[in-house]
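Structure file start10.cif (mmCIF, C-alpha atoms) follows.
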```cif
data_run
#
loop_
_atom_site.label_atom_id
_atom_site.label_comp_id
_atom_site.auth_asym_id
_atom_site.auth_seq_id
_atom_site.Cartn_x
_atom_site.Cartn_y
_atom_site.Cartn_z
CA MET A 1 -12.77 -37.44 17.33
CA ASP A 2 -11.33 -37.25 20.83
CA ILE A 3 -8.28 -35.10 21.52
CA PRO A 4 -5.66 -37.21 23.38
CA GLY A 5 -4.91 -35.96 26.88
CA ILE A 6 -8.04 -33.75 27.13
CA SER A 7 -10.89 -35.65 28.73
CA GLY A 8 -14.43 -34.81 27.72
CA LEU A 9 -13.39 -32.70 24.70
CA ASN A 10 -14.75 -33.90 21.38
CA MET A 11 -13.68 -32.22 18.17
CA GLY A 12 -14.72 -33.08 14.65
CA TRP A 13 -13.04 -32.12 11.41
CA ARG A 14 -15.32 -29.07 11.14
CA ASP A 15 -14.03 -27.77 14.48
CA VAL A 16 -10.42 -28.25 13.38
CA LEU A 17 -11.17 -26.49 10.08
CA ASP A 18 -12.93 -23.65 11.94
CA ILE A 19 -9.94 -23.10 14.22
CA ALA A 20 -7.49 -23.26 11.29
CA VAL A 21 -9.47 -20.69 9.25
CA LEU A 22 -9.79 -18.30 12.20
CA THR A 23 -6.08 -18.64 13.03
CA THR A 24 -5.15 -17.90 9.42
CA LEU A 25 -7.45 -14.86 9.29
CA PHE A 26 -6.05 -13.47 12.54
CA TYR A 27 -2.50 -14.00 11.26
CA TYR A 28 -3.12 -12.10 8.03
CA VAL A 29 -5.00 -9.29 9.80
CA ILE A 30 -2.08 -8.81 12.20
CA ALA A 31 0.40 -8.98 9.29
CA MET A 32 -1.53 -6.33 7.33
CA ILE A 33 -1.93 -3.83 10.18
CA ARG A 34 1.57 -4.30 11.54
CA GLN A 35 3.57 -1.04 11.52
CA THR A 36 0.60 0.95 10.20
CA ARG A 37 -1.50 3.75 11.63
CA ALA A 38 -4.21 1.17 12.33
CA VAL A 39 -2.20 -0.19 15.27
CA THR A 40 -2.53 3.00 17.32
CA ALA A 41 -6.25 3.22 16.49
CA ILE A 42 -6.73 -0.37 17.71
CA TYR A 43 -5.01 0.55 20.97
CA GLY A 44 -7.53 3.39 21.35
CA LEU A 45 -10.48 1.04 20.76
CA LEU A 46 -9.07 -1.44 23.29
CA LEU A 47 -8.73 1.39 25.83
CA ILE A 48 -12.41 2.29 25.32
CA LEU A 49 -13.36 -1.37 25.84
CA VAL A 50 -11.31 -1.59 29.05
CA LEU A 51 -12.91 1.62 30.38
CA TYR A 52 -16.33 0.19 29.57
CA LEU A 53 -15.65 -3.01 31.52
CA ILE A 54 -14.24 -1.06 34.48
CA SER A 55 -17.22 1.31 34.52
CA ARG A 56 -19.61 -1.66 34.67
CA ILE A 57 -17.66 -3.37 37.44
CA ILE A 58 -17.38 -0.35 39.78
CA GLY A 59 -20.74 1.18 38.87
CA LEU A 60 -19.87 4.39 36.99
CA ASN A 61 -23.32 4.66 35.45
CA THR A 62 -22.87 7.84 33.41
CA LEU A 63 -19.59 6.71 31.89
CA ASN A 64 -21.04 3.25 31.30
CA TRP A 65 -24.06 4.74 29.50
CA LEU A 66 -21.84 6.90 27.28
CA LEU A 67 -19.44 4.07 26.38
CA ASP A 68 -22.36 1.71 25.82
CA ASP A 69 -23.70 4.05 23.13
CA ILE A 70 -20.25 4.25 21.53
CA LEU A 71 -19.79 0.46 21.50
CA THR A 72 -23.29 0.00 20.05
CA SER A 73 -22.02 1.78 16.92
CA LEU A 74 -18.66 -0.03 17.02
CA PHE A 75 -19.01 -1.58 13.56
CA LEU A 76 -19.71 1.79 11.94
CA LEU A 77 -16.87 3.35 13.95
CA VAL A 78 -14.43 0.69 12.77
CA VAL A 79 -15.44 1.20 9.13
CA ILE A 80 -14.96 4.99 9.41
CA VAL A 81 -11.63 4.82 11.24
CA PHE A 82 -10.12 2.02 9.15
CA GLN A 83 -11.68 2.74 5.75
CA ARG A 84 -8.34 3.15 3.97
CA ASP A 85 -6.80 0.12 5.71
CA ILE A 86 -9.86 -2.00 4.93
CA ARG A 87 -9.73 -0.96 1.27
CA GLN A 88 -6.03 -1.81 1.09
CA ALA A 89 -6.55 -5.16 2.83
CA LEU A 90 -9.37 -6.12 0.45
CA SER A 91 -7.24 -5.08 -2.53
CA SER A 92 -4.39 -7.28 -1.30
CA LEU A 93 -6.77 -10.18 -0.75
CA GLY A 94 -8.34 -9.76 -4.17
CA SER A 95 -4.94 -9.60 -5.87
CA HIS A 96 -4.12 -13.13 -4.57
CA SER A 97 -0.84 -11.88 -3.10
CA LEU A 98 -1.73 -13.34 0.30
CA TRP A 99 -3.05 -16.78 -0.45
CA LEU A 100 -1.64 -18.00 -3.75
CA PRO A 101 1.56 -20.06 -3.57
CA GLY A 102 4.59 -18.38 -5.08
CA PHE A 103 4.64 -20.84 -8.01
CA PHE A 104 1.23 -19.64 -9.25
CA ARG A 105 1.80 -15.93 -8.78
CA LYS A 106 2.37 -13.53 -11.65
CA LYS A 107 6.03 -13.56 -12.56
CA THR A 108 7.80 -10.27 -12.09
CA ASN A 109 9.10 -8.65 -15.27
CA ASN A 110 12.12 -6.53 -14.40
CA SER A 111 13.35 -5.84 -17.94
CA PHE A 112 12.25 -2.19 -17.70
CA ILE A 113 14.48 -1.40 -14.69
CA PRO A 114 17.48 -0.20 -16.81
CA ALA A 115 15.20 2.17 -18.78
CA VAL A 116 13.60 3.54 -15.60
CA THR A 117 17.01 3.93 -13.94
CA GLY A 118 18.54 5.68 -16.95
CA ALA A 119 15.59 8.04 -17.33
CA ALA A 120 15.52 8.84 -13.61
CA MET A 121 19.24 9.62 -13.56
CA HIS A 122 18.96 11.79 -16.70
CA MET A 123 16.07 13.79 -15.23
CA ALA A 124 17.62 14.07 -11.77
CA GLN A 125 20.78 15.63 -13.23
CA ARG A 126 18.64 18.24 -15.00
CA LYS A 127 16.14 18.66 -12.12
CA ILE A 128 13.17 17.48 -14.14
CA GLY A 129 10.36 16.19 -11.91
CA ALA A 130 9.05 12.68 -12.61
CA LEU A 131 6.63 10.14 -11.13
CA ILE A 132 6.89 6.56 -12.40
CA VAL A 133 4.45 4.01 -10.94
CA ILE A 134 5.16 0.30 -11.34
CA GLU A 135 2.09 -1.90 -10.97
CA ARG A 136 2.45 -5.17 -9.07
CA ASN A 137 -0.46 -7.36 -7.90
CA THR A 138 -3.04 -4.63 -7.25
CA PRO A 139 -4.58 -3.42 -10.55
CA LEU A 140 -4.29 0.32 -11.16
CA GLY A 141 -6.92 0.58 -13.87
CA ASP A 142 -8.80 3.40 -12.12
CA ALA A 143 -5.64 5.54 -12.04
CA MET A 144 -4.89 4.71 -15.70
CA GLU A 145 -8.37 5.86 -16.74
CA ARG A 146 -7.60 9.31 -15.35
CA GLY A 147 -4.64 9.62 -17.71
CA VAL A 148 -3.81 9.02 -21.37
CA LEU A 149 -3.72 5.34 -22.28
CA LEU A 150 -0.55 4.14 -24.01
CA ASP A 151 0.98 0.80 -24.87
CA ALA A 152 4.71 1.22 -25.34
CA LEU A 153 7.94 -0.39 -24.29
CA PRO A 154 9.74 1.68 -21.65
CA SER A 155 12.84 3.47 -22.88
CA VAL A 156 15.00 6.29 -21.56
CA GLU A 157 14.08 8.54 -24.47
CA LEU A 158 10.31 7.98 -24.15
CA LEU A 159 10.22 8.52 -20.40
CA VAL A 160 12.34 11.68 -20.63
CA ASN A 161 10.10 13.05 -23.40
CA ILE A 162 6.96 12.40 -21.35
CA PHE A 163 8.27 14.33 -18.34
CA TRP A 164 10.06 17.06 -20.29
CA PRO A 165 8.90 20.49 -19.03
CA ASN A 166 5.87 21.95 -20.85
CA SER A 167 5.08 18.65 -22.57
CA PRO A 168 1.34 17.74 -22.41
CA LEU A 169 1.83 14.84 -19.98
CA HIS A 170 4.68 16.06 -17.78
CA ASP A 171 2.53 16.92 -14.75
CA GLY A 172 1.01 13.47 -14.20
CA ALA A 173 2.39 10.03 -13.45
CA VAL A 174 3.48 7.25 -15.80
CA ILE A 175 2.13 3.79 -14.97
CA ILE A 176 4.10 0.73 -16.02
CA SER A 177 2.05 -2.48 -16.10
CA ARG A 178 3.34 -5.90 -17.15
CA GLY A 179 6.59 -4.40 -18.33
CA ARG A 180 4.99 -1.78 -20.60
CA ILE A 181 4.02 1.88 -20.25
CA SER A 182 0.23 1.59 -19.99
CA ALA A 183 -0.68 5.23 -19.29
CA ALA A 184 0.80 8.69 -18.77
CA GLY A 185 -0.46 11.95 -17.30
CA CYS A 186 -2.25 9.98 -14.55
CA ILE A 187 -3.60 11.74 -11.45
CA LEU A 188 -2.83 9.89 -8.21
CA PRO A 189 -4.45 10.19 -4.76
CA LEU A 190 -2.49 12.33 -2.31
CA SER A 191 -1.36 10.90 1.01
CA THR A 192 -3.09 12.35 4.06
CA ALA A 193 -0.65 10.71 6.47
CA VAL A 194 2.10 13.29 5.92
CA ALA A 195 2.14 17.05 6.37
CA LYS A 196 2.17 19.34 3.33
CA ARG A 197 5.22 21.15 4.66
CA ASP A 198 7.23 17.89 4.75
CA TYR A 199 6.60 16.73 1.17
CA GLY A 200 5.60 18.29 -2.12
CA THR A 201 2.63 17.22 -4.23
CA ARG A 202 4.68 14.75 -6.28
CA HIS A 203 6.00 12.90 -3.21
CA ARG A 204 2.59 12.93 -1.51
CA ALA A 205 1.09 11.40 -4.65
CA ALA A 206 3.76 8.67 -4.61
CA LEU A 207 2.99 7.90 -0.97
CA GLY A 208 -0.76 8.04 -1.61
CA ILE A 209 -0.81 5.37 -4.33
CA THR A 210 1.46 3.08 -2.28
CA GLU A 211 -0.84 3.43 0.73
CA GLU A 212 -3.76 2.16 -1.37
CA SER A 213 -1.94 -0.48 -3.41
CA ASP A 214 1.26 -2.56 -3.53
CA ALA A 215 2.73 -0.44 -6.33
CA VAL A 216 6.36 0.70 -6.40
CA VAL A 217 6.93 4.35 -7.32
CA VAL A 218 10.08 6.15 -8.50
CA VAL A 219 10.04 9.88 -7.68
CA VAL A 220 12.44 12.48 -9.09
CA SER A 221 12.43 15.77 -7.20
CA GLU A 222 12.23 18.86 -9.40
CA GLU A 223 13.63 21.15 -6.68
CA ARG A 224 16.57 19.06 -5.45
CA GLY A 225 17.18 16.61 -8.29
CA VAL A 226 16.99 13.69 -5.86
CA ILE A 227 15.65 10.20 -6.66
CA ALA A 228 13.52 8.28 -4.15
CA VAL A 229 11.41 5.12 -4.20
CA ALA A 230 8.01 4.86 -2.47
CA LEU A 231 6.69 1.52 -1.23
CA GLU A 232 4.01 0.66 1.33
CA GLY A 233 3.57 4.31 2.27
CA LYS A 234 7.27 4.92 2.93
CA LEU A 235 10.01 6.72 0.99
CA THR A 236 13.52 5.40 0.39
CA GLY A 237 16.18 7.86 -0.83
CA VAL A 238 18.61 9.34 -1.81
CA LEU A 239 19.35 6.87 -4.63
CA ASP A 240 21.97 6.83 -7.37
CA ALA A 241 22.61 4.77 -10.52
CA VAL A 242 23.90 1.86 -8.43
CA LYS A 243 21.36 1.83 -5.60
CA LEU A 244 18.20 2.55 -7.62
CA PRO A 245 18.13 -0.68 -9.70
CA ARG A 246 18.94 -2.72 -6.59
CA VAL A 247 16.11 -1.12 -4.61
CA LEU A 248 13.67 -1.60 -7.49
CA ALA A 249 14.62 -5.23 -8.03
CA SER A 250 14.33 -5.96 -4.30
CA ALA A 251 10.95 -4.19 -4.01
CA LEU A 252 9.48 -5.90 -7.08
CA GLU A 253 10.52 -9.35 -5.85
CA ARG A 254 9.21 -8.78 -2.34
CA GLU A 255 6.12 -10.73 -1.29
CA ILE A 256 3.55 -8.87 0.77
#
```
Represent the structure contained in this file as structure tokens.
Amino acid sequence: MDIPGISGLNMGWRDVLDIAVLTTLFYYVIAMIRQTRAVTAIYGLLLILVLYLISRIIGLNTLNWLLDDILTSLFLLVVIVFQRDIRQALSSLGSHSLWLPGFFRKKTNNSFIPAVTGAAMHMAQRKIGALIVIERNTPLGDAMERGVLLDALPSVELLVNIFWPNSPLHDGAVIISRGRISAAGCILPLSTAVAKRDYGTRHRAALGITEESDAVVVVVSEERGVIAVALEGKLTGVLDAVKLPRVLASALEREI
């Protein structure tokens, strides 16, 4: 078909579809890397590309040869630099959170929020450390397999007993999936984006799992008795009995 107002330009339905698919892909790539560490890395790659073009134009042969070798391995370089971001993007894509309409998405079950809030407040007052992971669209089966599989309704008493000092499962994380406690004593990946001196192991684990998935994590500090929520690699705190359920409800309803 001919595009009105543009002489000599013929576009068929395949061309329109091609442009629409590419536009959609670019939109979601930008949305996924926005406000992440990948943005600064992309700026670095763009700087290398600009230097390469300048070196070719003005004849800097040595610099051009060096940058030419670097750009030849650009695909491998991108995979190495963005391996965590690529894994997270593919997980988001595979979980249908990007492309399924809201009507067809898995409905959020928030009935466990009062139990999680009550347990977190109880443990915070007594300075008992806790790590409660709430699964959303990204499956956490690999993390569950590293713990003890359970199938129980969340309750204040059960959660407190799991994290009670010297209990067999108190050191790991509890994972809540589909409104039920699916596993306890789970080992989570530690975040490498924060310094060890800034956060303890429990908080780094909370940030680590939220960097690799869309999970929401409630963290109770053993040292300070403070409650925080981790989401998308960021911590929100200090939370109390009023703010915690609001933050959880808002995070669980958020579309990413």
Evaluate the PyMOL selection byres ((chain A and resi 65-74) around 9) against this structure - the residues, as a compact mmCIF listing (two decimals) with C-alpha atoms, in the frame of the given file, please.
```
# COMPACT_ATOMS: atom_id res chain seq x y z
CA ILE A 48 -12.41 2.29 25.32
CA LEU A 49 -13.36 -1.37 25.84
CA LEU A 51 -12.91 1.62 30.38
CA TYR A 52 -16.33 0.19 29.57
CA SER A 55 -17.22 1.31 34.52
CA LEU A 60 -19.87 4.39 36.99
CA ASN A 61 -23.32 4.66 35.45
CA THR A 62 -22.87 7.84 33.41
CA LEU A 63 -19.59 6.71 31.89
CA ASN A 64 -21.04 3.25 31.30
CA PHE A 75 -19.01 -1.58 13.56
CA LEU A 76 -19.71 1.79 11.94
CA LEU A 77 -16.87 3.35 13.95
CA VAL A 78 -14.43 0.69 12.77
CA VAL A 79 -15.44 1.20 9.13
```
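Each of A:Ala183, A:Ala206, A:Ala249, A:Leu149 was compared to Ala230 (chain A) using all atoms listed in the file, and A:Ala206 turns out to be the nearest.
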Inset, instruction - List, as a PyMOL selection string, every residue that the PyMOL selection byres ((chain A and resi 247) around 12) selects in the file provided. - result: chain A and resi 110+113+117+216-218+227-231+235-246+248-254
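Residues captured in this structure file are A:Lys127, A:Ile128, A:Gly129, A:Ser221, A:Glu222, A:Arg224, A:Gly225, A:Val226, according to the PyMOL selection byres ((chain A and resi 223) around 9).
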Legend entry - Nearest-residue call for Gly179 (chain A), choices A:Pro139, A:Pro165, A:Pro114, A:Pro154, using all atoms listed in the file: A:Pro154
Inset, instruction - Report the distance between CA of Tyr27 (chain A) and CA of Ile134 (chain A) in Å, rounded to one decimal place. - result: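 Between CA of Tyr27 (chain A) and CA of Ile134 (chain A) the gap is 27.8 Å.
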Inset, instruction - Could you jot down the CA of His203 (chain A) to CA of Arg180 (chain A) separation for me, Å, one decimal place? - result: 22.8 Å
Inset, instruction - Record the distance separating CA of Met144 (chain A) and CA of Gly172 (chain A), expressed in Å with one decimal. - result: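 Separating CA of Met144 (chain A) from CA of Gly172 (chain A) is a distance of 10.7 Å.
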Legend entry - Minimum-distance residue to Gln125 (chain A), chosen among A:Ile176, A:Leu53, A:Val160, A:Val21 (using only C-alpha atoms): A:Val160
